[in-house]
Structure formats: C-alpha cells, structure tokens
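Asker: Hey, dropping query.cif in here, mmCIF, C-alpha atoms:
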data_structure
#
loop_
_atom_site.label_atom_id
_atom_site.label_comp_id
_atom_site.auth_asym_id
_atom_site.auth_seq_id
_atom_site.Cartn_x
_atom_site.Cartn_y
_atom_site.Cartn_z
CA MET F 1 -141.69 -93.33 97.41
CA LEU F 2 -140.71 -94.49 93.94
CA SER F 3 -142.15 -92.49 91.06
CA MET F 4 -142.67 -95.15 88.43
CA PRO F 5 -144.76 -94.96 85.23
CA LYS F 6 -148.23 -96.48 84.95
CA THR F 7 -147.77 -97.28 81.26
CA LEU F 8 -144.91 -97.87 78.85
CA THR F 9 -144.21 -98.70 75.24
CA ILE F 10 -141.77 -101.51 74.50
CA PRO F 11 -141.06 -101.60 70.74
CA ASN F 12 -138.48 -104.35 71.20
CA GLY F 13 -137.41 -105.93 67.94
CA ARG F 14 -139.09 -106.22 64.57
CA LYS F 15 -142.66 -107.25 63.86
CA VAL F 16 -142.94 -111.02 63.35
CA ARG F 17 -144.50 -112.76 60.40
CA PRO F 18 -148.24 -112.95 61.14
CA THR F 19 -150.35 -116.09 60.98
CA PHE F 20 -152.65 -114.47 58.43
CA SER F 21 -152.06 -111.83 55.78
CA ARG F 22 -152.47 -108.15 56.60
CA ALA F 23 -155.38 -108.13 54.15
CA GLU F 24 -157.13 -110.84 56.17
CA LEU F 25 -156.59 -109.02 59.46
CA GLN F 26 -157.78 -105.79 57.85
CA ARG F 27 -160.92 -107.55 56.58
CA ARG F 28 -161.80 -108.56 60.14
CA LEU F 29 -161.14 -105.06 61.42
CA ASP F 30 -163.25 -103.50 58.65
CA ASN F 31 -166.17 -105.83 59.46
CA LEU F 32 -165.99 -104.79 63.09
CA ARG F 33 -165.78 -101.08 62.34
CA ASN F 34 -168.73 -101.31 59.96
CA TYR F 35 -170.77 -102.92 62.73
CA MET F 36 -169.62 -100.25 65.19
CA ALA F 37 -170.75 -97.52 62.80
CA GLU F 38 -174.14 -99.16 62.27
CA GLN F 39 -174.71 -99.50 66.03
CA GLN F 40 -173.16 -96.14 66.93
CA ILE F 41 -170.52 -97.78 69.09
CA ASP F 42 -167.64 -95.36 69.65
CA ALA F 43 -165.08 -97.82 71.00
CA VAL F 44 -164.69 -101.53 71.68
CA LEU F 45 -162.70 -103.11 74.50
CA PHE F 46 -161.99 -106.79 73.92
CA THR F 47 -160.72 -108.76 76.91
CA SER F 48 -161.14 -112.40 75.82
CA TYR F 49 -158.45 -114.68 74.43
CA HIS F 50 -160.51 -115.44 71.37
CA ASN F 51 -161.41 -111.93 70.25
CA ILE F 52 -157.99 -110.44 71.00
CA ASN F 53 -156.42 -113.27 69.01
CA TYR F 54 -158.96 -113.03 66.18
CA PHE F 55 -158.49 -109.31 65.68
CA SER F 56 -154.76 -108.97 66.51
CA ASP F 57 -153.06 -112.38 66.07
CA PHE F 58 -151.91 -112.24 69.72
CA VAL F 59 -152.67 -115.03 72.20
CA TYR F 60 -151.96 -113.72 75.68
CA CYS F 61 -150.83 -115.65 78.76
CA ARG F 62 -153.18 -114.36 81.46
CA PHE F 63 -151.70 -115.68 84.70
CA GLY F 64 -154.16 -113.56 86.69
CA ARG F 65 -153.54 -110.34 84.75
CA ASP F 66 -155.88 -108.38 82.49
CA TYR F 67 -155.38 -107.95 78.74
CA GLY F 68 -157.24 -105.83 76.25
CA LEU F 69 -157.60 -104.66 72.68
CA VAL F 70 -159.13 -101.20 72.21
CA ILE F 71 -160.54 -100.38 68.78
CA THR F 72 -162.12 -97.15 67.61
CA GLN F 73 -162.76 -95.90 64.08
CA ASP F 74 -159.24 -94.46 63.92
CA SER F 75 -157.17 -96.34 66.52
CA TYR F 76 -156.20 -99.91 67.34
CA THR F 77 -154.19 -100.71 70.47
CA THR F 78 -153.42 -103.86 72.42
CA VAL F 79 -153.08 -103.38 76.18
CA THR F 80 -150.67 -105.87 77.73
CA ALA F 81 -148.77 -106.54 80.94
CA ASN F 82 -145.16 -105.51 81.49
CA ILE F 83 -144.19 -109.11 82.18
CA ASP F 84 -144.57 -109.90 78.45
CA GLY F 85 -141.93 -107.41 77.34
CA GLY F 86 -142.04 -106.62 73.62
CA GLN F 87 -143.67 -109.86 72.44
CA PRO F 88 -147.20 -108.38 72.15
CA TYR F 89 -145.78 -105.43 70.17
CA ARG F 90 -144.06 -107.81 67.78
CA ARG F 91 -147.28 -109.73 67.15
CA ASN F 92 -149.60 -106.74 66.75
CA GLN F 93 -149.65 -106.11 63.00
CA LEU F 94 -152.16 -103.30 62.53
CA GLY F 95 -151.69 -100.81 65.34
CA ASP F 96 -150.06 -99.84 68.61
CA ASN F 97 -149.29 -101.61 71.86
CA VAL F 98 -149.35 -100.02 75.29
CA VAL F 99 -147.89 -101.79 78.31
CA TYR F 100 -149.25 -101.28 81.82
CA THR F 101 -147.00 -101.77 84.82
CA ASP F 102 -147.50 -103.32 88.25
CA TRP F 103 -146.21 -100.29 90.13
CA GLN F 104 -149.73 -99.09 90.95
CA LYS F 105 -153.01 -100.96 91.42
CA ASP F 106 -155.37 -101.28 88.42
CA ASN F 107 -153.03 -99.71 85.90
CA PHE F 108 -154.82 -101.75 83.23
CA TYR F 109 -157.90 -99.56 83.67
CA TYR F 110 -155.76 -96.44 83.65
CA ALA F 111 -154.34 -97.54 80.28
CA VAL F 112 -157.82 -98.20 78.88
CA GLN F 113 -159.00 -94.83 80.20
CA GLN F 114 -156.32 -93.11 78.08
CA LEU F 115 -157.52 -94.88 74.94
CA ILE F 116 -161.32 -94.49 75.19
CA LYS F 117 -163.02 -91.12 75.33
CA ASP F 118 -165.57 -90.99 78.15
CA GLY F 119 -169.22 -90.34 77.37
CA GLY F 120 -169.75 -92.60 74.37
CA ARG F 121 -171.04 -96.12 73.69
CA VAL F 122 -168.43 -98.76 74.53
CA GLY F 123 -168.63 -102.38 73.42
CA VAL F 124 -167.49 -105.00 75.96
CA GLU F 125 -167.89 -108.76 76.07
CA HIS F 126 -170.70 -109.54 78.48
CA ASP F 127 -169.79 -113.23 78.41
CA HIS F 128 -166.19 -112.54 79.40
CA MET F 129 -166.06 -109.46 81.65
CA PRO F 130 -166.68 -110.31 85.33
CA LEU F 131 -168.86 -107.98 87.36
CA GLN F 132 -165.83 -106.73 89.32
CA ASN F 133 -164.05 -105.71 86.11
CA LEU F 134 -167.17 -104.13 84.63
CA ASN F 135 -167.54 -102.03 87.77
CA LYS F 136 -163.92 -100.92 87.43
CA MET F 137 -164.60 -99.95 83.82
CA LYS F 138 -167.60 -97.90 84.93
CA ASP F 139 -165.41 -96.12 87.45
CA ALA F 140 -162.79 -95.41 84.78
CA LEU F 141 -165.41 -94.21 82.26
CA PRO F 142 -168.35 -92.95 84.36
CA GLY F 143 -170.10 -91.27 81.44
CA ALA F 144 -169.96 -94.28 79.09
CA GLU F 145 -172.80 -96.58 78.07
CA PHE F 146 -171.61 -100.20 77.94
CA VAL F 147 -173.14 -102.55 75.37
CA ASP F 148 -172.44 -106.17 74.47
CA ILE F 149 -170.02 -106.91 71.64
CA GLY F 150 -169.52 -110.61 72.48
CA VAL F 151 -172.48 -112.05 70.55
CA PRO F 152 -172.03 -109.88 67.43
CA THR F 153 -168.33 -110.77 67.14
CA MET F 154 -169.10 -114.46 67.70
CA LYS F 155 -171.35 -114.30 64.64
CA MET F 156 -168.54 -112.67 62.66
CA ARG F 157 -166.12 -115.44 63.66
CA MET F 158 -168.58 -118.22 62.72
CA ILE F 159 -168.01 -117.62 58.98
CA LYS F 160 -164.42 -118.53 58.14
CA SER F 161 -162.34 -116.91 55.43
CA ALA F 162 -160.33 -118.86 52.85
CA GLU F 163 -157.16 -118.28 54.89
CA GLU F 164 -158.79 -119.56 58.06
CA ILE F 165 -160.11 -122.65 56.30
CA GLU F 166 -156.64 -123.42 54.93
CA LEU F 167 -155.17 -123.21 58.44
CA ILE F 168 -157.96 -125.41 59.84
CA LYS F 169 -157.30 -127.99 57.12
CA GLN F 170 -153.65 -128.09 58.13
CA GLY F 171 -154.77 -128.52 61.73
CA ALA F 172 -156.99 -131.46 60.82
CA ARG F 173 -154.10 -133.07 58.94
CA ILE F 174 -151.80 -132.60 61.93
CA ALA F 175 -154.45 -134.03 64.27
CA ASP F 176 -154.35 -137.17 62.10
CA VAL F 177 -150.54 -137.25 62.49
CA GLY F 178 -151.01 -137.25 66.25
CA GLY F 179 -153.63 -139.97 65.97
CA ALA F 180 -151.26 -142.22 64.03
CA ALA F 181 -148.53 -141.73 66.65
CA ILE F 182 -150.99 -142.62 69.40
CA ARG F 183 -152.19 -145.73 67.61
CA ASP F 184 -148.58 -146.87 67.22
CA ALA F 185 -147.90 -146.30 70.94
CA ILE F 186 -150.86 -148.34 72.20
CA ALA F 187 -149.99 -151.66 73.84
CA VAL F 188 -150.98 -153.62 76.92
CA GLY F 189 -149.10 -152.33 79.96
CA VAL F 190 -148.35 -148.86 78.54
CA PRO F 191 -149.62 -146.01 80.74
CA GLU F 192 -151.96 -143.37 79.34
CA TYR F 193 -149.44 -140.56 79.75
CA GLU F 194 -146.85 -142.31 77.57
CA VAL F 195 -149.38 -142.72 74.77
CA SER F 196 -150.38 -139.09 75.18
CA LEU F 197 -146.78 -137.89 75.01
CA ALA F 198 -146.25 -139.73 71.72
CA GLY F 199 -149.19 -137.92 70.12
CA THR F 200 -148.30 -134.50 71.51
CA GLN F 201 -144.68 -134.69 70.41
CA ALA F 202 -145.61 -135.80 66.90
CA MET F 203 -148.05 -132.90 66.48
CA VAL F 204 -145.75 -130.21 67.90
CA ARG F 205 -142.98 -131.30 65.53
CA GLU F 206 -145.36 -131.27 62.57
CA ILE F 207 -146.71 -127.82 63.49
CA ALA F 208 -143.12 -126.53 63.72
CA ALA F 209 -142.30 -127.96 60.29
CA THR F 210 -145.48 -126.59 58.69
CA PHE F 211 -145.48 -123.16 60.40
CA PRO F 212 -141.81 -122.41 61.12
CA HIS F 213 -142.62 -118.73 61.79
CA GLY F 214 -145.31 -119.49 64.39
CA GLU F 215 -145.38 -119.76 68.16
CA LEU F 216 -145.69 -123.25 69.60
CA MET F 217 -148.10 -123.49 72.51
CA ASP F 218 -151.09 -125.31 73.95
CA THR F 219 -151.11 -128.46 71.76
CA TRP F 220 -152.27 -131.42 73.84
CA VAL F 221 -153.70 -134.96 73.89
CA TRP F 222 -156.33 -136.60 76.04
CA PHE F 223 -155.84 -140.36 75.84
CA GLN F 224 -158.18 -142.33 78.08
CA SER F 225 -158.58 -146.01 78.84
CA GLY F 226 -161.19 -148.13 80.58
CA ILE F 227 -163.39 -146.21 83.04
CA ASN F 228 -161.49 -143.01 82.20
CA THR F 229 -163.25 -142.89 78.81
CA ASP F 230 -166.56 -141.92 80.47
CA GLY F 231 -165.87 -138.18 80.12
CA ALA F 232 -164.90 -136.51 76.86
CA HIS F 233 -162.55 -134.11 78.68
CA ASN F 234 -161.09 -136.44 81.32
CA PRO F 235 -157.39 -135.80 81.98
CA VAL F 236 -154.56 -138.20 81.25
CA THR F 237 -153.57 -140.52 84.12
CA SER F 238 -150.96 -143.18 84.92
CA ARG F 239 -153.45 -146.01 84.37
CA LYS F 240 -151.93 -148.80 82.28
CA ILE F 241 -153.75 -150.25 79.28
CA GLU F 242 -155.25 -153.72 79.79
CA ALA F 243 -156.39 -156.25 77.21
CA GLY F 244 -160.04 -155.67 76.32
CA ASP F 245 -159.95 -151.99 77.37
CA ILE F 246 -162.05 -149.47 75.57
CA LEU F 247 -159.78 -146.55 74.59
CA SER F 248 -160.38 -142.96 73.55
CA LEU F 249 -157.94 -141.04 71.36
CA ASN F 250 -158.27 -137.23 71.40
CA THR F 251 -155.67 -135.04 69.66
CA PHE F 252 -155.71 -131.24 69.72
CA PRO F 253 -153.09 -129.41 67.67
CA MET F 254 -153.21 -125.70 68.42
CA ILE F 255 -151.96 -123.36 65.69
CA ALA F 256 -151.94 -119.66 66.61
CA GLY F 257 -154.90 -120.17 68.94
CA TYR F 258 -156.86 -122.09 66.29
CA TYR F 259 -158.31 -125.38 67.51
CA THR F 260 -158.73 -128.61 65.58
CA ALA F 261 -159.33 -132.11 66.87
CA LEU F 262 -159.47 -135.81 66.13
CA GLU F 263 -161.34 -138.23 68.41
CA ARG F 264 -161.66 -141.97 67.97
CA THR F 265 -162.86 -145.02 69.88
CA LEU F 266 -160.38 -147.90 69.95
CA PHE F 267 -159.99 -151.20 71.80
CA SER F 268 -156.93 -152.98 73.13
CA GLU F 269 -156.58 -156.50 71.69
CA HIS F 270 -160.31 -157.35 71.55
CA ALA F 271 -163.83 -156.11 72.29
CA SER F 272 -166.84 -157.91 73.79
CA ASP F 273 -169.99 -158.46 71.72
CA ARG F 274 -171.88 -155.70 73.58
CA HIS F 275 -168.97 -153.30 73.18
CA LEU F 276 -168.96 -153.99 69.45
CA GLU F 277 -172.72 -153.50 69.25
CA LEU F 278 -172.62 -150.13 71.00
CA TRP F 279 -169.60 -149.03 69.00
CA GLU F 280 -171.37 -149.85 65.74
CA ILE F 281 -174.45 -147.89 66.84
CA ASN F 282 -172.33 -144.83 67.56
CA CYS F 283 -170.57 -145.22 64.20
CA LYS F 284 -173.97 -145.46 62.49
CA VAL F 285 -174.99 -142.15 64.04
CA HIS F 286 -171.62 -140.66 63.09
CA ARG F 287 -172.00 -141.69 59.44
CA ARG F 288 -175.51 -140.27 59.24
CA GLY F 289 -174.38 -137.09 60.93
CA LEU F 290 -171.66 -136.62 58.33
CA GLU F 291 -174.34 -136.85 55.64
CA LEU F 292 -176.61 -134.31 57.35
CA ILE F 293 -174.03 -131.52 57.55
CA LYS F 294 -174.63 -129.35 54.50
CA PRO F 295 -175.64 -125.77 53.69
CA GLY F 296 -179.23 -124.98 54.63
CA ALA F 297 -179.48 -127.56 57.41
CA ARG F 298 -180.53 -126.36 60.86
CA CYS F 299 -178.43 -127.43 63.83
CA CYS F 300 -181.49 -128.49 65.84
CA ASP F 301 -182.87 -130.61 62.99
CA ILE F 302 -179.58 -132.52 62.70
CA ALA F 303 -179.66 -133.22 66.43
CA ALA F 304 -183.29 -134.37 66.29
CA GLU F 305 -182.67 -136.90 63.51
CA LEU F 306 -179.59 -138.33 65.21
CA ASN F 307 -181.46 -138.56 68.51
CA GLN F 308 -184.03 -140.76 66.78
CA ILE F 309 -181.37 -143.24 65.66
CA PHE F 310 -180.10 -143.57 69.20
CA ALA F 311 -183.70 -143.90 70.45
CA ASP F 312 -184.46 -146.63 67.92
CA HIS F 313 -181.59 -148.62 69.44
CA ASP F 314 -182.73 -147.81 73.00
CA VAL F 315 -179.49 -146.02 73.92
CA LEU F 316 -180.50 -142.34 73.75
CA GLN F 317 -180.26 -142.18 77.55
CA TYR F 318 -176.51 -142.76 77.20
CA ARG F 319 -175.89 -139.74 74.97
CA THR F 320 -173.87 -137.16 76.89
CA PHE F 321 -173.62 -133.88 74.90
CA GLY F 322 -174.45 -132.25 71.55
CA TYR F 323 -173.35 -133.62 68.21
CA GLY F 324 -170.76 -131.03 67.21
CA HIS F 325 -169.60 -127.44 67.31
CA SER F 326 -167.85 -124.67 65.42
CA PHE F 327 -164.10 -124.29 65.01
CA GLY F 328 -161.80 -121.30 65.04
CA THR F 329 -159.90 -119.48 67.79
CA LEU F 330 -160.92 -121.52 70.83
CA SER F 331 -159.62 -124.23 73.14
CA HIS F 332 -160.38 -126.02 76.37
CA TYR F 333 -159.70 -122.89 78.41
CA TYR F 334 -160.93 -120.09 76.15
CA GLY F 335 -163.49 -119.32 73.53
CA ARG F 336 -166.52 -121.08 72.11
CA GLU F 337 -168.85 -120.08 69.30
CA ALA F 338 -171.95 -121.13 71.20
CA GLY F 339 -174.32 -120.06 68.42
CA LEU F 340 -173.02 -122.81 66.16
CA GLU F 341 -173.47 -126.11 67.97
CA LEU F 342 -175.39 -129.17 66.83
CA ARG F 343 -177.89 -129.20 69.70
CA GLU F 344 -181.64 -129.31 70.10
CA ASP F 345 -181.82 -125.68 71.26
CA ILE F 346 -179.73 -124.14 68.45
CA GLU F 347 -181.67 -123.03 65.35
CA THR F 348 -178.67 -121.68 63.42
CA VAL F 349 -178.72 -122.57 59.71
CA LEU F 350 -175.46 -123.91 58.30
CA GLU F 351 -173.89 -121.58 55.73
CA PRO F 352 -170.90 -121.74 53.38
CA GLY F 353 -167.74 -120.88 55.30
CA MET F 354 -168.85 -122.48 58.54
CA VAL F 355 -166.67 -125.27 59.96
CA VAL F 356 -168.29 -127.80 62.29
CA SER F 357 -167.59 -131.18 63.82
CA MET F 358 -169.65 -134.32 63.92
CA GLU F 359 -168.95 -136.05 67.22
CA PRO F 360 -171.60 -138.34 68.71
CA MET F 361 -170.85 -139.91 72.09
CA LEU F 362 -172.41 -142.65 74.17
CA MET F 363 -171.39 -143.28 77.79
CA VAL F 364 -172.41 -146.55 79.43
CA PRO F 365 -171.72 -146.63 83.21
CA GLU F 366 -169.51 -149.20 84.91
CA GLY F 367 -171.28 -152.41 85.82
CA LYS F 368 -173.36 -152.51 82.63
CA PRO F 369 -172.44 -154.61 79.59
CA GLY F 370 -170.38 -152.55 77.15
CA ALA F 371 -169.36 -150.01 79.79
CA GLY F 372 -167.27 -147.05 78.64
CA GLY F 373 -167.33 -143.96 76.48
CA TYR F 374 -167.67 -144.18 72.67
CA ARG F 375 -166.76 -141.13 70.64
CA GLU F 376 -165.92 -140.37 67.01
CA HIS F 377 -165.06 -136.90 65.70
CA ASP F 378 -164.61 -135.50 62.18
CA ILE F 379 -164.34 -131.88 60.98
CA LEU F 380 -166.36 -130.62 58.01
CA VAL F 381 -166.10 -127.40 56.00
CA VAL F 382 -169.49 -126.26 54.73
CA GLY F 383 -169.39 -125.20 51.06
CA GLU F 384 -171.89 -123.81 48.57
CA GLU F 385 -173.60 -127.14 47.82
CA SER F 386 -172.14 -129.72 50.23
CA ALA F 387 -169.61 -130.15 53.02
CA GLU F 388 -166.02 -131.39 52.82
CA ASN F 389 -164.80 -133.81 55.47
CA ILE F 390 -161.19 -132.82 56.21
CA THR F 391 -160.54 -135.64 58.72
CA ARG F 392 -158.83 -138.69 57.21
CA PHE F 393 -158.18 -140.99 60.19
CA PRO F 394 -160.40 -144.10 59.86
CA PHE F 395 -163.02 -145.03 62.45
CA GLY F 396 -164.82 -148.19 63.54
CA PRO F 397 -164.04 -151.78 64.57
CA GLU F 398 -162.48 -152.67 61.20
CA TYR F 399 -159.60 -150.29 61.84
CA ASN F 400 -159.26 -149.53 65.53
CA ILE F 401 -158.99 -152.78 67.47
CA ILE F 402 -155.27 -152.55 68.24
CA LYS F 403 -153.42 -155.84 68.42
CA GLY F 404 -150.13 -156.13 70.31
#
Starting from the file, give its structure as structure tokens.
Answerer:
Amino acid sequence: MLSMPKTLTIPNGRKVRPTFSRAELQRRLDNLRNYMAEQQIDAVLFTSYHNINYFSDFVYCRFGRDYGLVITQDSYTTVTANIDGGQPYRRNQLGDNVVYTDWQKDNFYYAVQQLIKDGGRVGVEHDHMPLQNLNKMKDALPGAEFVDIGVPTMKMRMIKSAEEIELIKQGARIADVGGAAIRDAIAVGVPEYEVSLAGTQAMVREIAATFPHGELMDTWVWFQSGINTDGAHNPVTSRKIEAGDILSLNTFPMIAGYYTALERTLFSEHASDRHLELWEINCKVHRRGLELIKPGARCCDIAAELNQIFADHDVLQYRTFGYGHSFGTLSHYYGREAGLELREDIETVLEPGMVVSMEPMLMVPEGKPGAGGYREHDILVVGEESAENITRFPFGPEYNIIKG
C-alpha cells in the first residue's frame, strides 16, 4: 500500500500583490484577535468563502472539497486542497498555508487537528458548517467547546474601511460600464444571452485594466426580458427581445470576491400606459429610498415608509423582497451580511462606513395589465452626515426606453 503524506506545503512561486494593503489585512486580523481575547476563544476555524476571503484575500474554488483558515493569537494558516497547488500560498499574505491531500479520507480534519490544540474554545461558523462537518470536528477535537463566530464576524464586515470603500466605488463604476454595453446591445430580435455577453465582456475587460494584478473570476450578468423579468435572480435564456418587452438589466462585476451591482428596468421600443404607471411608482419609491438612507436611520423604519408608498398606490401586494442589503465579500453563491438588510424585521441602525443598496421591486403576474418585474438598484456609502450614491447609470422612462 502506498505510504503518502496527509499534508504538504507547496511554497510555489512568490507572493502576489494583494487586493488590500498588509496594514488593512492586519487591521482585520487584530479586530478578530481582540474579540477572541474578550470572549476567551482560543482558536477560530473559518470555512466560508466570505470569511476566508475577508481575512486572507483568498477566494477558494470548492468543487466539493473543504477549505479552512485557522487563526489563534499567534498563528494564521489557510488549509487548502492539493488540487490548487501553490496558488493559495501565493495569495496568503499574513501567515502559512498547509495543503491536505486526497490520499486518505478526511485529511482536511487531520490538518485542522494539527493546528488547533484540543480542549479549548473554538470558534466556527454556525451558519456555514453542516452538521456532518461539525460532527467530524468534534471527533477531531473531542475536548473542545465549539462556539459561533459567524455572527460576530458578520458585524465586523458590515463596517467598511476606506480601502474597501474605494474598491466598492470602482466596482460600482464598472457595473455602470457593463450597463452601458448592455443598453447598446439591446434590439428587437437579439437573444438575452447575447446582450448578457456584451455586458460581461465589457466589465471583465474594465476590471483587468483597473486591477491588472488581480484574479479575474465570477463576474456575470443577468439580462431578462418579458416574463423572465418576474424573478430578480432568473437566469439568462435564449429568448429573443420583442417590441414592447419589459427588460431587466443586472450587472455584477466581481473584484477579489467583492460584489457590486447595477439593476435597471428598461423597455424595448415602447411601453404601455399601465407599464409606465407601474414603472413610475417603483421609481418614486426608489427616489424616496435614496433619500432615507443616512446615518442614524433604522433598516426597518426605511422599509415601513417605503411600504406605505406602495400601499398608497395599491401595489404593495406586488412587492417581492426587501429594499436593499449590505455589500462586501459576497455573491450569488456565497456570503451575505444578513444583519444589514432593509427589511421590516431588521432593526440595525445605519452607521458611517456601511454600504447598502436601494432596490425596490414590483412583480405583476402574466395576464394582468403591466405584467413583468420592475427593479432599480443603486449603491450608497453611508458617511458621517449623509450617504453618497456611487451609482451613475440613469433610471426611469426618460432614459431607458430603448429605440431600435
């Protein structure tokens, strides 16, 4: 039987230029270690995309494998799969990288076991670690007490640093670049996927020009037409644009795991009177929502006031989700700062350094006048006295009825 190692180190090549400065990454690490000391947590094991990226600048490709970042008061180690070679080592700026192999079952947990002393308090992400994996951790560290680190780190990520805000501003600008490419590609008879490709290509090229040292991954577009606009996250199809179609433009440039977005309602050639009426109502809510985002405002109070506008127009029943959310290291398949969403059940108070969207949506079912999904989306950075809207792409009927 082959005698092969359970773990390796692969220091292949030089460290790459990080997305953020070492001082910024150290600031995040210091915040975490201060919290660990206060709560008497001896070690933390991160397993999520968002926290591993936030604390190490490494976005892993899971493909059914486990990944980790182990942090103690005096050590910092990413735990990655052999299939990735030396790329995780090159990205990890502050500490070590250990690679686990596939030669034996559950070598990931063996690697973690070598990094965390048994018998202490260990922080894990309750919202990310499945029961099966938690049980394996308990077997690897039978004397440990496991406590949640997911909610505390979410609260840390909700307040953005100056470096993060600068990156998010670039993302918003690049989202607008994608929006312009999409608008130029819209025409009767063009399939959704061709419009989507135009936006994606424009954004990837702009990200490459702006961040030549970065990795290029995960940027995408959802462009929907007609009935396909009824869901905010509906995939692109081969449906061809028809005259009079309601359209939905959604661009998502991803920069080092950081998410930004632009979303706009448009129409092909013309819009019916009822479509225009509903569109204007949604734009009215959007404008008021932009005014309400400011330091000191509670998320639930913003939602309540915007609900009343929709109710006054007798369309509240067509509202489909909350009015906005936080930004940072997240995307459609990982991460979400659930404590910072503009919803009726969220009492979080907006603070300087938070970044949130305003994105009201109405969805009128097929068969009713004005059928379709209406959605606008801007990104705002909350400051000391007000909020800065960093989205520039125009919205509303004056700008977004696209003539052939």
Asker: Quote the spacing between CA of Tyr333 in chain F and CA of His50 in chain F in Å to one decimal place.
Answerer: 10.3 Å
Asker: Distance cut-off 7 Å, centre (-169.5, -113.9, 75.0) in file coordinates, counting all atoms listed in the file: which residues qualify? Return them as a PyMOL selection string.
Answerer: chain F and resi 125-128+150-151
Asker: Which residues match the PyMOL selection byres ((chain F and resi 323) around 9) in the file above, as a list of chain:residue names?
Answerer: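 Evaluating the PyMOL selection byres ((chain F and resi 323) around 9) on this file yields F:His286, F:Gly289, F:Ile302, F:Ala303, F:Leu306, F:Phe321, F:Gly322, F:Gly324, F:His325, F:Glu341, F:Leu342, F:Arg343, F:Ser357, F:Met358, F:Glu359, F:Pro360, F:Met361.
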Asker: Out of F:Gly123, F:Gly68, F:Pro394, F:Gly143, which residue has the shortest atom-to-atom distance to Leu266 in chain F when counting only C-alpha atoms?
Answerer: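 Nearest candidate to Leu266 in chain F out of F:Gly123, F:Gly68, F:Pro394, F:Gly143: F:Pro394.
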Asker: Need the shell around Tyr258 in chain F: protein/DNA/RNA residues with any atom at most 6 Å away, counting all atoms listed in the file. Skip same-chain ones fewer than 4 positions apart. Format as a list in words?
Answerer: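 Selected residues are Met254, Gly328 and Thr329 of chain F.
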Asker: Counting only C-alpha atoms, figure out which residue out of F:Val356, F:Val112, F:Ala371, F:Val59 gets nearest to Tyr76 in chain F.
Answerer: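 Closest candidate: F:Val112.
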Asker: Expand the PyMOL selection byres ((chain F and resi 353) around 10) into the explicit residue set it covers here, and present it as a CSV table (one decimal) with C-alpha atoms, in the frame of the given file.
Answerer:
chain,number,residue,atom,x,y,z
F,158,MET,CA,-168.6,-118.2,62.7
F,159,ILE,CA,-168.0,-117.6,59.0
F,160,LYS,CA,-164.4,-118.5,58.1
F,161,SER,CA,-162.3,-116.9,55.4
F,162,ALA,CA,-160.3,-118.9,52.8
F,164,GLU,CA,-158.8,-119.6,58.1
F,165,ILE,CA,-160.1,-122.6,56.3
F,295,PRO,CA,-175.6,-125.8,53.7
F,350,LEU,CA,-175.5,-123.9,58.3
F,351,GLU,CA,-173.9,-121.6,55.7
F,352,PRO,CA,-170.9,-121.7,53.4
F,354,MET,CA,-168.8,-122.5,58.5
F,355,VAL,CA,-166.7,-125.3,60.0
F,356,VAL,CA,-168.3,-127.8,62.3
F,381,VAL,CA,-166.1,-127.4,56.0
F,382,VAL,CA,-169.5,-126.3,54.7
F,383,GLY,CA,-169.4,-125.2,51.1
F,384,GLU,CA,-171.9,-123.8,48.6
F,387,ALA,CA,-169.6,-130.2,53.0
Asker: What's around Asn282 in chain F at 9 Å? Count all atoms listed in the file, leave out sequence neighbours fewer than 4 positions away in its own chain, and write the answer as a list in words.
Answerer: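 Contacts, in chain order: Glu277, Leu278, His286, Arg287, Phe310, Pro360, Met361, Leu362, Tyr374, Arg375 and Glu376 of chain F.
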Asker: Could you state which residues are captured by the PyMOL selection byres ((chain F and resi 339) around 9) in this file, as an NGL selection string?
Answerer: :F and (151 or 154-155 or 158 or 325-326 or 336-338 or 340-341 or 346-348)
Asker: Find, counting only C-alpha atoms, the residue in F:Trp220, F:Asp312, F:Ile149, F:Ala256 that gets nearest to Gln39 in chain F.
Answerer: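 Closest to Gln39 in chain F, using only C-alpha atoms: F:Ile149.
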Asker: Find the residue from F:Ala271, F:Met4, F:Ala111, F:Val177 that sits nearest to Asn400 in chain F; use all atoms listed in the file when measuring.
Answerer: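 Checking each of F:Ala271, F:Met4, F:Ala111, F:Val177 against Asn400 in chain F, counting all atoms listed in the file, the winner is F:Ala271.
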Asker: Give the answer as one residue: which of F:Tyr100, F:Trp279, F:Phe55, F:Phe146 has the shortest atom-to-atom distance to Arg33 in chain F, using only C-alpha atoms?
Answerer: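 Checking each candidate against Arg33 in chain F, we get F:Phe55 as the closest.
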Asker: One number please: CA of Val70 in chain F to CA of Pro152 in chain F, in Å, one decimal.
Answerer: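 Separation between CA of Val70 in chain F and CA of Pro152 in chain F: 16.3 Å.
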Asker: Can you measure CA of Ile246 in chain F to CA of Ser225 in chain F for me? One decimal in Å is fine.
Answerer: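 Interatomic distance here is 5.9 Å.
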Asker: Restricting the calculation to only C-alpha atoms: of F:Ile241, F:Asp273, F:Pro5, F:Met217, which residue gets closest to Arg205 in chain F?
Answerer: F:Met217
Asker: Please identify all polymer residues lying at most 8 Å from the point (-163.4, -91.2, 79.5) (file coordinates), using all atoms listed in the file, and present the result as a list in words.
Answerer: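 The residues that fall inside the cut-off are Gln113, Gln114, Ile116, Lys117, Asp118, Gly119, Ala140, Leu141, Pro142, Gly143 and Ala144 of chain F.
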Asker: Give me the residues within 12 Å of Leu115 in chain F as a list in words, counting all atoms listed in the file and dropping any in the same chain fewer than 3 places off.
Answerer: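 The residues that qualify are Thr7, Asp42, Ala43, Val44, Leu45, Gly68, Leu69, Val70, Ile71, Thr72, Asp74, Ser75, Tyr76, Thr77, Thr78, Val79, Asp96, Asn97, Val98, Phe108, Tyr109, Tyr110, Ala111, Val112, Asp118, Val122, Ala140 and Leu141 of chain F.
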Asker: Compile the contact shell of Arg264 in chain F as a ChimeraX atom specification: residues with an atom at most 7 Å away, counting all atoms listed in the file, same-chain residues fewer than 6 positions apart removed.
Answerer: /F:248-250,375-377,395
Asker: Do you know which residues are at most 10 Å from Arg173 in chain F counting only C-alpha atoms, after dropping those on the same chain fewer than 4 positions away, and could you put them as a list in words?
Answerer: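 Within the cut-off, the hits are Leu167, Ile168, Lys169, Val177, Gly178, Gly179, Met203, Glu206, Pro253, Thr260, Ala261, Leu262, Ile390, Thr391, Arg392 and Phe393 of chain F.
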